[in-house]
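To start, the structure itself, in structure tokens.
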Amino acid sequence: MKIKIIALMAMLLLLASVGWGQEEAAIDSTVQEVIPPGPPLNLKAFDKPYDNGHAIDLTWDLSVDDGAGRNNIIEYRLMRADSPEGPFVERKKLEMGKTEAEDKGVKEPDDPNYFPREHDFYYKVVAVTADAEAESEVVGPVRGIGQWYNAGKNPVAVAVVLFTVFTIYFIFKAKKGAELYIRPLAGIDAVDEAIGRATEMGKPILYVLGLGTAADIATIASFTILSRVAQKVAEYQTSLIVPCYDPIVMTIAQETVKASYYSAGRPDAYNQDSVFFVTNQQFAYVGGVNGIMLRDRPATNFYLGKFYAESLIMAETGAVAGSIQIAGTDEVTQIPFFVVACDYTLIGEELYAASAYLGREPVLLGTLKAQDYAKALVIICCIIGFIAASFGWTWFVEQFHVGN
Amino acid sequence: MKKQIPILITATVGTVLVLSVFFPPAKMLGEDFSLFFDIIAVFAFFLGGGNLVRVHFIKVYRRKSDWVYSVVTLVGFTMMLASGLFKLGGPPGISGSVTADGSYLNTMFIHIIAPLSSTMYALLAFFVASASYRAFRAKNREATILLIAAFVILLGRTPLGMMATGWVWESLSIFQIPNLAVWVMNVPNLAGQRSILIGVGLGVVAMSLRLILGMDRTYLGGDND
């Protein structure tokens with residue numbers, strides 16, 4: 001009984017103390033004064049370098065209450081006006097801890113985000129807490145000025161010019177009859193063998209162009225290989241199946257296969273329905289292609305183009321169906337899957353090289369040779385850069401810095 | 001003429017897109033060209049739909065092998081098309097969204113297409129296992145290295161890795177399996193990936209140059225004639 005009474009009294013005391021604490025807090029809040037945070041300091045605004053004149057870059061120092069002091073800054077607001085007096089319009093909200101921002105707009109006057117070129121603007125940054133704000137000083141006038149040339153891209157420009165010079169040199173060299181050694185590509189050398197196997201087995205050949213659009217370089221390279229495959233297929237009188245993921249890719253593939261049948265002298269053997277649209281839903285497409293593999297049991301599967309998560313599902317199904325498989329993609333994350341599940345794999349740029357390799361034309365071989373020399377140059381630069389960085393000679397490394 | 005005009009368009013657009021990287025005034029033009037592609041792509045969907053109906057209708061009509069699957073495809077296609085075109089079950093009128101809650105299109109997408117897609121994706125787990133089994137058989141030196149690297153990564157990503165090697169002294173902590181796994185991913189793996197990426201970058205430039213200069217014309221639906 002005693003214990004119960006003591007416990008009851010303790011609880012009453014506890015409740016009373018809580019109530020008293022709340023009352024005290026309420027009294028405190030009525031008298032508490034709202035203290036504004038420290039404003040952002042040293043605001044600077046300047047024209048964004050190397051752009052078309054529709055942007056301004058801003059930098060500032062953090063408010064003393066951002067990450068320190070009362071540490072109560074929630075965000076910053078970037079404000080812009082046409083005159084120092086205002087009215088200021090909010091352009092952007094920025095997280096706490098930010099010390100830079102870009103105010104970027106568009107050139108179209110009827111767009112709400114219109115940013116006139118060579119127009120004077122004034123800026124300020126507002127530090128915001130839960131119950132107060134503090135403004136930086138107003139800076140300006142500042143105006144966006146368009147530049148004709150982006151000097152920040154100089155390293156890229158030099159690389160492009162150098163590569164173009166290499167290419168033109170080797171094209172001329174090849175045209176003059178010089179023998180250009182091109183390293184063998186096992187995947188491409190196996191194409192004829194794979195088509196021959198399908199012919200002997202009397203089974204079709206499946207050619208998958210991947211999930212890329214006609215704007216992807218990998219898909220464009222794949223069209224070239226498809227052209228070669230279709231020509232051989234026409235010569236050997238084997239059947240070809242090309243299920244497509246993208247309608248534009250399907251149209252181009254139809255034209256490519258048709259042209260190949262014509263150049264092989266067998267226009268009558270061309271079947272328009274051999275190149276068809278399946279769907280543009282990734283996994284529905286996989287279901288469709290896998291269904292074809294398991295029903296028709298093609299002797300050879302080609303996977304050349306842009307592939308994502310479906311690569312292994314298709315390649316493993318093909319392996320289960322017992323097909324010879326040749327794959328190639330520039331998607332670095334998918335290459336290991338193809339290497340594991342396929343007989344031959346074109347790794348990265350080998351897919352692009354395949355078109356030149358198959359054509360054996362001097363013009364195309366010239367670009368391939370230029371590519372090899374450019375790679376050698378990149379390796380040399382990497383080695384020099386590695387040595388320079390190791391000894392703290394930053395000048396060499398900085399030459400490769402690319403701006404926005 | 002059939003080939004010269006597309007080559008001219010390719011060369012012009014390609015050159016403008018390259019120049020837009022270096023010359024800011026051309027940047028907007030480059031963005032406009034990319035928009036043109038999107039507009040053309042929208043029209044191409046009619047081609048896709050038309051081809052799908054034609055191919056499967058012929059298959060059903062001629063009772064070709066597995067024609068029953070084509071019936072399923074055509075029924076599915078018609079159902080989705082009708083529910084989207086007539087906004088069945090959803091808010092009516094031009095402004096009514098076809099993907100609004102309760103619309104047949106949305107319901108079919110959420111309750112049929114999404115689970116089926118997830119099912120296909122889930123198969124990946126089993127295929128990874130079967131592919132790993134094939135790849136990790138220590139047939140030769142390369143496969144053995146692959147097996148050891150994979151073993152380190154697998155173990156490093158589980159608590160077992162830390163449990164097994166947590167006792168290793170701080171000065172030799174690189175040999176703790178989780179740290180070894182991080183090293184494998186960040187050093188040899190990243191180096192390999194970057195070398196492939198550099199090759200891909202150069203390959204893209206070479207291929208683009210061939211297309212812009214009209215050396216490679218296969219994308220026009222023919223050989224380099």
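Convention: chains lettered A, B, ... in structure tokens order; per-chain residue numbering from 1; ligands numbered from 1 as shown.
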
Near-Arg183 (chain A) list (10 Å; only C-alpha atoms; drop same-chain fewer than 3 positions) as a JSON list (two decimals) with N, CA and C atoms, in the first residue's frame:
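Below is the file that was written, part_11.json:
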[["chain", "number", "residue", "atom", "x", "y", "z"],
["A", 180, "LEU", "N", 47.44, -1.25, -94.88],
["A", 180, "LEU", "CA", 47.22, -0.88, -93.48],
["A", 180, "LEU", "C", 46.87, -2.13, -92.69],
["A", 186, "ALA", "N", 37.97, -11.22, -83.60],
["A", 186, "ALA", "CA", 37.48, -12.60, -83.62],
["A", 186, "ALA", "C", 35.97, -12.65, -83.84],
["A", 357, "TYR", "N", 35.96, -2.66, -90.69],
["A", 357, "TYR", "CA", 36.66, -3.93, -90.85],
["A", 357, "TYR", "C", 35.99, -4.80, -91.92],
["A", 368, "LEU", "N", 39.91, 3.75, -89.07],
["A", 368, "LEU", "CA", 40.24, 2.73, -88.06],
["A", 368, "LEU", "C", 41.70, 2.88, -87.61],
["A", 369, "LYS", "N", 42.55, 3.13, -88.59],
["A", 369, "LYS", "CA", 43.97, 3.28, -88.28],
["A", 369, "LYS", "C", 44.19, 4.56, -87.45],
["A", 372, "ASP", "N", 43.43, 3.92, -83.93],
["A", 372, "ASP", "CA", 44.50, 3.21, -83.22],
["A", 372, "ASP", "C", 45.61, 4.18, -82.80]]

From region 192-297 of chain A, collect each residue whose DSSP state is alpha helix (DSSP H) and return the set as a PDB file with N, CA, C and O atoms, in the first residue's frame.
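Written out: result-v1.pdb:
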ATOM      1  N   ASP A 192      30.918 -15.145 -90.709  1.00  0.00           N
ATOM      2  CA  ASP A 192      30.700 -16.036 -91.845  1.00  0.00           C
ATOM      3  C   ASP A 192      30.501 -17.479 -91.380  1.00  0.00           C
ATOM      4  O   ASP A 192      29.634 -18.197 -91.876  1.00  0.00           O
ATOM      5  N   GLU A 193      31.331 -17.849 -90.412  1.00  0.00           N
ATOM      6  CA  GLU A 193      31.253 -19.213 -89.872  1.00  0.00           C
ATOM      7  C   GLU A 193      29.872 -19.461 -89.235  1.00  0.00           C
ATOM      8  O   GLU A 193      29.247 -20.515 -89.438  1.00  0.00           O
ATOM      9  N   ALA A 194      29.384 -18.468 -88.516  1.00  0.00           N
ATOM     10  CA  ALA A 194      28.091 -18.603 -87.837  1.00  0.00           C
ATOM     11  C   ALA A 194      26.947 -18.695 -88.842  1.00  0.00           C
ATOM     12  O   ALA A 194      25.999 -19.469 -88.639  1.00  0.00           O
ATOM     13  N   ILE A 195      27.052 -17.920 -89.921  1.00  0.00           N
ATOM     14  CA  ILE A 195      25.999 -17.982 -90.939  1.00  0.00           C
ATOM     15  C   ILE A 195      26.043 -19.334 -91.646  1.00  0.00           C
ATOM     16  O   ILE A 195      25.002 -19.946 -91.927  1.00  0.00           O
ATOM     17  N   GLY A 196      27.257 -19.811 -91.896  1.00  0.00           N
ATOM     18  CA  GLY A 196      27.423 -21.130 -92.529  1.00  0.00           C
ATOM     19  C   GLY A 196      26.814 -22.226 -91.673  1.00  0.00           C
ATOM     20  O   GLY A 196      26.142 -23.131 -92.191  1.00  0.00           O
ATOM     21  N   ARG A 197      26.995 -22.115 -90.368  1.00  0.00           N
ATOM     22  CA  ARG A 197      26.441 -23.111 -89.446  1.00  0.00           C
ATOM     23  C   ARG A 197      24.911 -23.129 -89.548  1.00  0.00           C
ATOM     24  O   ARG A 197      24.290 -24.198 -89.597  1.00  0.00           O
ATOM     25  N   ALA A 198      24.325 -21.926 -89.584  1.00  0.00           N
ATOM     26  CA  ALA A 198      22.858 -21.841 -89.678  1.00  0.00           C
ATOM     27  C   ALA A 198      22.368 -22.464 -90.971  1.00  0.00           C
ATOM     28  O   ALA A 198      21.336 -23.162 -90.993  1.00  0.00           O
ATOM     29  N   THR A 199      23.127 -22.240 -92.043  1.00  0.00           N
ATOM     30  CA  THR A 199      22.737 -22.798 -93.334  1.00  0.00           C
ATOM     31  C   THR A 199      22.758 -24.325 -93.273  1.00  0.00           C
ATOM     32  O   THR A 199      21.828 -24.994 -93.737  1.00  0.00           O
ATOM     33  N   GLU A 200      23.835 -24.845 -92.716  1.00  0.00           N
ATOM     34  CA  GLU A 200      23.962 -26.312 -92.623  1.00  0.00           C
ATOM     35  C   GLU A 200      22.854 -26.916 -91.771  1.00  0.00           C
ATOM     36  O   GLU A 200      22.326 -27.985 -92.076  1.00  0.00           O
ATOM     37  N   MET A 201      22.502 -26.226 -90.705  1.00  0.00           N
ATOM     38  CA  MET A 201      21.479 -26.754 -89.799  1.00  0.00           C
ATOM     39  C   MET A 201      20.063 -26.492 -90.306  1.00  0.00           C
ATOM     40  O   MET A 201      19.094 -27.048 -89.780  1.00  0.00           O
ATOM     41  N   ILE A 217      24.969   5.804 -81.885  1.00  0.00           N
ATOM     42  CA  ILE A 217      26.068   5.374 -82.759  1.00  0.00           C
ATOM     43  C   ILE A 217      26.163   3.843 -82.778  1.00  0.00           C
ATOM     44  O   ILE A 217      26.432   3.249 -83.827  1.00  0.00           O
ATOM     45  N   ALA A 218      25.904   3.207 -81.630  1.00  0.00           N
ATOM     46  CA  ALA A 218      25.993   1.741 -81.569  1.00  0.00           C
ATOM     47  C   ALA A 218      24.973   1.104 -82.515  1.00  0.00           C
ATOM     48  O   ALA A 218      25.274   0.106 -83.192  1.00  0.00           O
ATOM     49  N   THR A 219      23.784   1.684 -82.584  1.00  0.00           N
ATOM     50  CA  THR A 219      22.751   1.139 -83.473  1.00  0.00           C
ATOM     51  C   THR A 219      23.136   1.367 -84.932  1.00  0.00           C
ATOM     52  O   THR A 219      22.950   0.482 -85.774  1.00  0.00           O
ATOM     53  N   ILE A 220      23.689   2.541 -85.206  1.00  0.00           N
ATOM     54  CA  ILE A 220      24.120   2.831 -86.588  1.00  0.00           C
ATOM     55  C   ILE A 220      25.213   1.846 -87.004  1.00  0.00           C
ATOM     56  O   ILE A 220      25.200   1.322 -88.127  1.00  0.00           O
ATOM     57  N   ALA A 221      26.138   1.574 -86.090  1.00  0.00           N
ATOM     58  CA  ALA A 221      27.205   0.601 -86.401  1.00  0.00           C
ATOM     59  C   ALA A 221      26.597  -0.778 -86.632  1.00  0.00           C
ATOM     60  O   ALA A 221      27.059  -1.538 -87.499  1.00  0.00           O
ATOM     61  N   SER A 222      25.556  -1.066 -85.875  1.00  0.00           N
ATOM     62  CA  SER A 222      24.912  -2.371 -86.005  1.00  0.00           C
ATOM     63  C   SER A 222      24.243  -2.540 -87.372  1.00  0.00           C
ATOM     64  O   SER A 222      24.197  -3.642 -87.916  1.00  0.00           O
ATOM     65  N   PHE A 223      23.734  -1.438 -87.933  1.00  0.00           N
ATOM     66  CA  PHE A 223      23.116  -1.509 -89.268  1.00  0.00           C
ATOM     67  C   PHE A 223      24.143  -1.999 -90.294  1.00  0.00           C
ATOM     68  O   PHE A 223      23.815  -2.767 -91.204  1.00  0.00           O
ATOM     69  N   THR A 224      25.380  -1.522 -90.148  1.00  0.00           N
ATOM     70  CA  THR A 224      26.432  -1.907 -91.093  1.00  0.00           C
ATOM     71  C   THR A 224      26.692  -3.408 -91.021  1.00  0.00           C
ATOM     72  O   THR A 224      26.834  -4.071 -92.057  1.00  0.00           O
ATOM     73  N   ILE A 225      26.731  -3.929 -89.805  1.00  0.00           N
ATOM     74  CA  ILE A 225      26.981  -5.365 -89.654  1.00  0.00           C
ATOM     75  C   ILE A 225      25.759  -6.151 -90.145  1.00  0.00           C
ATOM     76  O   ILE A 225      25.900  -7.195 -90.780  1.00  0.00           O
ATOM     77  N   LEU A 226      24.564  -5.614 -89.865  1.00  0.00           N
ATOM     78  CA  LEU A 226      23.341  -6.265 -90.353  1.00  0.00           C
ATOM     79  C   LEU A 226      23.359  -6.362 -91.872  1.00  0.00           C
ATOM     80  O   LEU A 226      22.967  -7.385 -92.449  1.00  0.00           O
ATOM     81  N   SER A 227      23.848  -5.292 -92.505  1.00  0.00           N
ATOM     82  CA  SER A 227      23.922  -5.275 -93.964  1.00  0.00           C
ATOM     83  C   SER A 227      24.770  -6.434 -94.473  1.00  0.00           C
ATOM     84  O   SER A 227      24.386  -7.164 -95.395  1.00  0.00           O
ATOM     85  N   ARG A 228      25.909  -6.624 -93.825  1.00  0.00           N
ATOM     86  CA  ARG A 228      26.827  -7.700 -94.214  1.00  0.00           C
ATOM     87  C   ARG A 228      26.204  -9.070 -93.939  1.00  0.00           C
ATOM     88  O   ARG A 228      26.255  -9.962 -94.782  1.00  0.00           O
ATOM     89  N   VAL A 229      25.588  -9.206 -92.767  1.00  0.00           N
ATOM     90  CA  VAL A 229      24.965 -10.482 -92.391  1.00  0.00           C
ATOM     91  C   VAL A 229      23.837 -10.817 -93.372  1.00  0.00           C
ATOM     92  O   VAL A 229      23.732 -11.946 -93.854  1.00  0.00           O
ATOM     93  N   ALA A 230      23.013  -9.803 -93.682  1.00  0.00           N
ATOM     94  CA  ALA A 230      21.872 -10.030 -94.576  1.00  0.00           C
ATOM     95  C   ALA A 230      22.347 -10.439 -95.968  1.00  0.00           C
ATOM     96  O   ALA A 230      21.728 -11.290 -96.623  1.00  0.00           O
ATOM     97  N   GLN A 231      23.452  -9.850 -96.403  1.00  0.00           N
ATOM     98  CA  GLN A 231      23.988 -10.200 -97.726  1.00  0.00           C
ATOM     99  C   GLN A 231      24.412 -11.674 -97.762  1.00  0.00           C
ATOM    100  O   GLN A 231      24.109 -12.397 -98.710  1.00  0.00           O
ATOM    101  N   LYS A 232      25.098 -12.103 -96.707  1.00  0.00           N
ATOM    102  CA  LYS A 232      25.531 -13.500 -96.617  1.00  0.00           C
ATOM    103  C   LYS A 232      24.329 -14.429 -96.517  1.00  0.00           C
ATOM    104  O   LYS A 232      24.305 -15.504 -97.108  1.00  0.00           O
ATOM    105  N   VAL A 233      23.346 -14.000 -95.733  1.00  0.00           N
ATOM    106  CA  VAL A 233      22.132 -14.795 -95.544  1.00  0.00           C
ATOM    107  C   VAL A 233      21.441 -14.991 -96.900  1.00  0.00           C
ATOM    108  O   VAL A 233      20.972 -16.087 -97.232  1.00  0.00           O
ATOM    109  N   ALA A 234      21.400 -13.905 -97.680  1.00  0.00           N
ATOM    110  CA  ALA A 234      20.768 -13.975 -99.002  1.00  0.00           C
ATOM    111  C   ALA A 234      21.537 -14.931 -99.908  1.00  0.00           C
ATOM    112  O   ALA A 234      20.940 -15.740-100.635  1.00  0.00           O
ATOM    113  N   GLU A 235      22.868 -14.851 -99.841  1.00  0.00           N
ATOM    114  CA  GLU A 235      23.699 -15.738-100.684  1.00  0.00           C
ATOM    115  C   GLU A 235      23.501 -17.196-100.300  1.00  0.00           C
ATOM    116  O   GLU A 235      23.410 -18.077-101.149  1.00  0.00           O
ATOM    117  N   TYR A 236      23.474 -17.471 -99.010  1.00  0.00           N
ATOM    118  CA  TYR A 236      23.370 -18.853 -98.518  1.00  0.00           C
ATOM    119  C   TYR A 236      21.924 -19.349 -98.456  1.00  0.00           C
ATOM    120  O   TYR A 236      21.682 -20.498 -98.093  1.00  0.00           O
ATOM    121  N   PRO A 247      10.463   1.742 -83.739  1.00  0.00           N
ATOM    122  CA  PRO A 247       9.890   1.744 -85.097  1.00  0.00           C
ATOM    123  C   PRO A 247      10.814   2.354 -86.151  1.00  0.00           C
ATOM    124  O   PRO A 247      10.841   1.868 -87.288  1.00  0.00           O
ATOM    125  N   ILE A 248      11.574   3.409 -85.781  1.00  0.00           N
ATOM    126  CA  ILE A 248      12.486   4.006 -86.783  1.00  0.00           C
ATOM    127  C   ILE A 248      13.606   3.025 -87.110  1.00  0.00           C
ATOM    128  O   ILE A 248      13.979   2.840 -88.268  1.00  0.00           O
ATOM    129  N   VAL A 249      14.103   2.377 -86.076  1.00  0.00           N
ATOM    130  CA  VAL A 249      15.157   1.371 -86.280  1.00  0.00           C
ATOM    131  C   VAL A 249      14.616   0.264 -87.191  1.00  0.00           C
ATOM    132  O   VAL A 249      15.319  -0.216 -88.093  1.00  0.00           O
ATOM    133  N   MET A 250      13.356  -0.121 -86.965  1.00  0.00           N
ATOM    134  CA  MET A 250      12.744  -1.173 -87.799  1.00  0.00           C
ATOM    135  C   MET A 250      12.731  -0.748 -89.274  1.00  0.00           C
ATOM    136  O   MET A 250      13.104  -1.525 -90.160  1.00  0.00           O
ATOM    137  N   THR A 251      12.333   0.499 -89.520  1.00  0.00           N
ATOM    138  CA  THR A 251      12.245   0.976 -90.906  1.00  0.00           C
ATOM    139  C   THR A 251      13.619   0.950 -91.571  1.00  0.00           C
ATOM    140  O   THR A 251      13.753   0.495 -92.716  1.00  0.00           O
ATOM    141  N   ILE A 252      14.625   1.428 -90.849  1.00  0.00           N
ATOM    142  CA  ILE A 252      15.982   1.443 -91.423  1.00  0.00           C
ATOM    143  C   ILE A 252      16.485   0.011 -91.624  1.00  0.00           C
ATOM    144  O   ILE A 252      17.087  -0.306 -92.656  1.00  0.00           O
ATOM    145  N   ALA A 253      16.201  -0.848 -90.646  1.00  0.00           N
ATOM    146  CA  ALA A 253      16.645  -2.251 -90.762  1.00  0.00           C
ATOM    147  C   ALA A 253      15.984  -2.924 -91.967  1.00  0.00           C
ATOM    148  O   ALA A 253      16.631  -3.691 -92.692  1.00  0.00           O
ATOM    149  N   GLN A 254      14.704  -2.629 -92.190  1.00  0.00           N
ATOM    150  CA  GLN A 254      14.016  -3.206 -93.356  1.00  0.00           C
ATOM    151  C   GLN A 254      14.716  -2.785 -94.648  1.00  0.00           C
ATOM    152  O   GLN A 254      14.971  -3.599 -95.536  1.00  0.00           O
ATOM    153  N   GLU A 255      15.024  -1.487 -94.740  1.00  0.00           N
ATOM    154  CA  GLU A 255      15.689  -0.972 -95.939  1.00  0.00           C
ATOM    155  C   GLU A 255      17.079  -1.577 -96.100  1.00  0.00           C
ATOM    156  O   GLU A 255      17.506  -1.906 -97.210  1.00  0.00           O
ATOM    157  N   THR A 256      17.786  -1.721 -94.977  1.00  0.00           N
ATOM    158  CA  THR A 256      19.148  -2.275 -95.019  1.00  0.00           C
ATOM    159  C   THR A 256      19.121  -3.715 -95.519  1.00  0.00           C
ATOM    160  O   THR A 256      19.896  -4.096 -96.412  1.00  0.00           O
ATOM    161  N   VAL A 257      18.215  -4.511 -94.958  1.00  0.00           N
ATOM    162  CA  VAL A 257      18.139  -5.930 -95.339  1.00  0.00           C
ATOM    163  C   VAL A 257      17.708  -6.048 -96.811  1.00  0.00           C
ATOM    164  O   VAL A 257      18.271  -6.838 -97.575  1.00  0.00           O
ATOM    165  N   LYS A 258      16.744  -5.219 -97.178  1.00  0.00           N
ATOM    166  CA  LYS A 258      16.256  -5.247 -98.561  1.00  0.00           C
ATOM    167  C   LYS A 258      17.392  -4.942 -99.547  1.00  0.00           C
ATOM    168  O   LYS A 258      17.595  -5.654-100.534  1.00  0.00           O
ATOM    169  N   ALA A 259      18.161  -3.871 -99.232  1.00  0.00           N
ATOM    170  CA  ALA A 259      19.281  -3.486-100.106  1.00  0.00           C
ATOM    171  C   ALA A 259      20.320  -4.600-100.185  1.00  0.00           C
ATOM    172  O   ALA A 259      20.902  -4.843-101.251  1.00  0.00           O
ATOM    173  N   SER A 260      20.534  -5.296 -99.075  1.00  0.00           N
ATOM    174  CA  SER A 260      21.520  -6.383 -99.054  1.00  0.00           C
ATOM    175  C   SER A 260      21.058  -7.548 -99.930  1.00  0.00           C
ATOM    176  O   SER A 260      21.863  -8.161-100.644  1.00  0.00           O
ATOM    177  N   TYR A 261      19.775  -7.863 -99.894  1.00  0.00           N
ATOM    178  CA  TYR A 261      19.237  -8.934-100.738  1.00  0.00           C
ATOM    179  C   TYR A 261      19.362  -8.553-102.212  1.00  0.00           C
ATOM    180  O   TYR A 261      19.671  -9.390-103.043  1.00  0.00           O
ATOM    181  N   TYR A 262      19.146  -7.274-102.482  1.00  0.00           N
ATOM    182  CA  TYR A 262      19.284  -6.813-103.877  1.00  0.00           C
ATOM    183  C   TYR A 262      20.733  -6.935-104.328  1.00  0.00           C
ATOM    184  O   TYR A 262      21.012  -7.397-105.424  1.00  0.00           O
ATOM    185  N   SER A 263      21.659  -6.482-103.475  1.00  0.00           N
ATOM    186  CA  SER A 263      23.071  -6.512-103.896  1.00  0.00           C
ATOM    187  C   SER A 263      23.604  -7.941-103.965  1.00  0.00           C
ATOM    188  O   SER A 263      24.574  -8.210-104.664  1.00  0.00           O
ATOM    189  N   GLN A 282      10.696  -2.463 -72.497  1.00  0.00           N
ATOM    190  CA  GLN A 282      11.946  -3.227 -72.385  1.00  0.00           C
ATOM    191  C   GLN A 282      11.734  -4.715 -72.125  1.00  0.00           C
ATOM    192  O   GLN A 282      12.216  -5.557 -72.886  1.00  0.00           O
ATOM    193  N   PHE A 283      11.010  -5.048 -71.073  1.00  0.00           N
ATOM    194  CA  PHE A 283      10.927  -6.466 -70.706  1.00  0.00           C
ATOM    195  C   PHE A 283       9.887  -7.229 -71.523  1.00  0.00           C
ATOM    196  O   PHE A 283       9.972  -8.449 -71.650  1.00  0.00           O
ATOM    197  N   ALA A 284       8.919  -6.497 -72.074  1.00  0.00           N
ATOM    198  CA  ALA A 284       8.001  -7.145 -73.015  1.00  0.00           C
ATOM    199  C   ALA A 284       8.792  -7.547 -74.265  1.00  0.00           C
ATOM    200  O   ALA A 284       8.584  -8.629 -74.839  1.00  0.00           O
ATOM    201  N   TYR A 285       9.724  -6.688 -74.655  1.00  0.00           N
ATOM    202  CA  TYR A 285      10.588  -6.985 -75.810  1.00  0.00           C
ATOM    203  C   TYR A 285      11.428  -8.230 -75.527  1.00  0.00           C
ATOM    204  O   TYR A 285      11.553  -9.115 -76.373  1.00  0.00           O
ATOM    205  N   VAL A 286      11.979  -8.291 -74.328  1.00  0.00           N
ATOM    206  CA  VAL A 286      12.787  -9.452 -73.938  1.00  0.00           C
ATOM    207  C   VAL A 286      11.927 -10.721 -74.016  1.00  0.00           C
ATOM    208  O   VAL A 286      12.361 -11.750 -74.541  1.00  0.00           O
ATOM    209  N   GLY A 287      10.691 -10.613 -73.511  1.00  0.00           N
ATOM    210  CA  GLY A 287       9.788 -11.762 -73.562  1.00  0.00           C
ATOM    211  C   GLY A 287       9.550 -12.217 -74.998  1.00  0.00           C
ATOM    212  O   GLY A 287       9.593 -13.409 -75.302  1.00  0.00           O
ATOM    213  N   GLY A 288       9.330 -11.234 -75.877  1.00  0.00           N
ATOM    214  CA  GLY A 288       9.089 -11.543 -77.297  1.00  0.00           C
ATOM    215  C   GLY A 288      10.289 -12.219 -77.932  1.00  0.00           C
ATOM    216  O   GLY A 288      10.166 -13.258 -78.608  1.00  0.00           O
ATOM    217  N   VAL A 289      11.472 -11.652 -77.713  1.00  0.00           N
ATOM    218  CA  VAL A 289      12.697 -12.197 -78.339  1.00  0.00           C
ATOM    219  C   VAL A 289      13.012 -13.585 -77.759  1.00  0.00           C
ATOM    220  O   VAL A 289      13.356 -14.517 -78.506  1.00  0.00           O
ATOM    221  N   ASN A 290      12.875 -13.738 -76.457  1.00  0.00           N
ATOM    222  CA  ASN A 290      13.142 -15.050 -75.845  1.00  0.00           C
ATOM    223  C   ASN A 290      12.170 -16.102 -76.363  1.00  0.00           C
ATOM    224  O   ASN A 290      12.542 -17.257 -76.565  1.00  0.00           O
ATOM    225  N   GLY A 291      10.927 -15.689 -76.575  1.00  0.00           N
ATOM    226  CA  GLY A 291       9.932 -16.601 -77.146  1.00  0.00           C
ATOM    227  C   GLY A 291      10.368 -17.091 -78.519  1.00  0.00           C
ATOM    228  O   GLY A 291      10.290 -18.288 -78.829  1.00  0.00           O
ATOM    229  N   ILE A 292      10.877 -16.154 -79.326  1.00  0.00           N
ATOM    230  CA  ILE A 292      11.362 -16.527 -80.673  1.00  0.00           C
ATOM    231  C   ILE A 292      12.512 -17.526 -80.548  1.00  0.00           C
ATOM    232  O   ILE A 292      12.572 -18.523 -81.263  1.00  0.00           O
ATOM    233  N   MET A 293      13.421 -17.254 -79.618  1.00  0.00           N
ATOM    234  CA  MET A 293      14.590 -18.138 -79.439  1.00  0.00           C
ATOM    235  C   MET A 293      14.155 -19.554 -79.065  1.00  0.00           C
ATOM    236  O   MET A 293      14.708 -20.531 -79.567  1.00  0.00           O
ATOM    237  N   LEU A 294      13.188 -19.645 -78.182  1.00  0.00           N
ATOM    238  CA  LEU A 294      12.801 -20.971 -77.686  1.00  0.00           C
ATOM    239  C   LEU A 294      11.867 -21.703 -78.654  1.00  0.00           C
ATOM    240  O   LEU A 294      11.840 -22.930 -78.665  1.00  0.00           O
ATOM    241  N   ARG A 295      11.119 -20.965 -79.455  1.00  0.00           N
ATOM    242  CA  ARG A 295      10.223 -21.616 -80.417  1.00  0.00           C
ATOM    243  C   ARG A 295      10.954 -21.973 -81.709  1.00  0.00           C
ATOM    244  O   ARG A 295      10.879 -23.092 -82.197  1.00  0.00           O
ATOM    245  N   ASP A 296      11.687 -20.986 -82.251  1.00  0.00           N
ATOM    246  CA  ASP A 296      12.331 -21.194 -83.563  1.00  0.00           C
ATOM    247  C   ASP A 296      13.729 -21.786 -83.457  1.00  0.00           C
ATOM    248  O   ASP A 296      14.289 -22.228 -84.455  1.00  0.00           O
TER     249      ASP A 296
END

Q. If we count only C-alpha atoms, which residues of chain B reach to within 7 Å of chain A? Please list them as JSON, numbers by chain.
A. {"B": [22, 23, 24, 25, 41, 44, 45, 47, 48, 51, 52, 55, 117, 120, 121, 124, 127, 131, 135, 193, 196, 199, 200, 202, 203, 204, 206, 207, 218, 219, 220, 221, 222]}

Q | Contact residues around region 156-165 of chain B with only C-alpha atoms at 12 Å, ignoring same-chain residues under 2 positions, as a VMD selection string | A | chain B and resid 148 to 154 167 to 170 172 to 185

(Q) Could you check the closest approach to Ile171 (chain A) for each of A:Gly212, A:Pro362, A:Pro155, A:Gly385 and tell me which residue wins, using only C-alpha atoms? (A) A:Pro362

Q: Work out how far apart CA of Ile7 (chain B) and CA of Glu31 (chain B) are and give it in Å to one decimal.
A: 20.3 Å

Q. Nearest to Ala190 (chain A) among A:Tyr344, A:Tyr123, A:Tyr270, A:Phe386, with distances taken over only C-alpha atoms: which residue is it?
A. A:Tyr344

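Counting only C-alpha atoms and comparing A:Pro267, A:Gly305, A:Gly318, A:Pro37, the residue that lies closest to Glu133 (chain A) is A:Pro37.
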
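Note that the spacing between CA of Glu95 (chain A) and CA of Ala127 (chain A) amounts to 10.1 Å.
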
**Q.** Who sits within 8 Å of Thr99 (chain A), only C-alpha atoms, same chain under 6 positions skipped, as a ChimeraX atom specification
**A.** /A:59-62

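Of the listed residues (B:Ile5, B:Phe43, B:Ala11, B:Met108), B:Ala11 comes nearest to Met215 (chain B); the distances count only C-alpha atoms.
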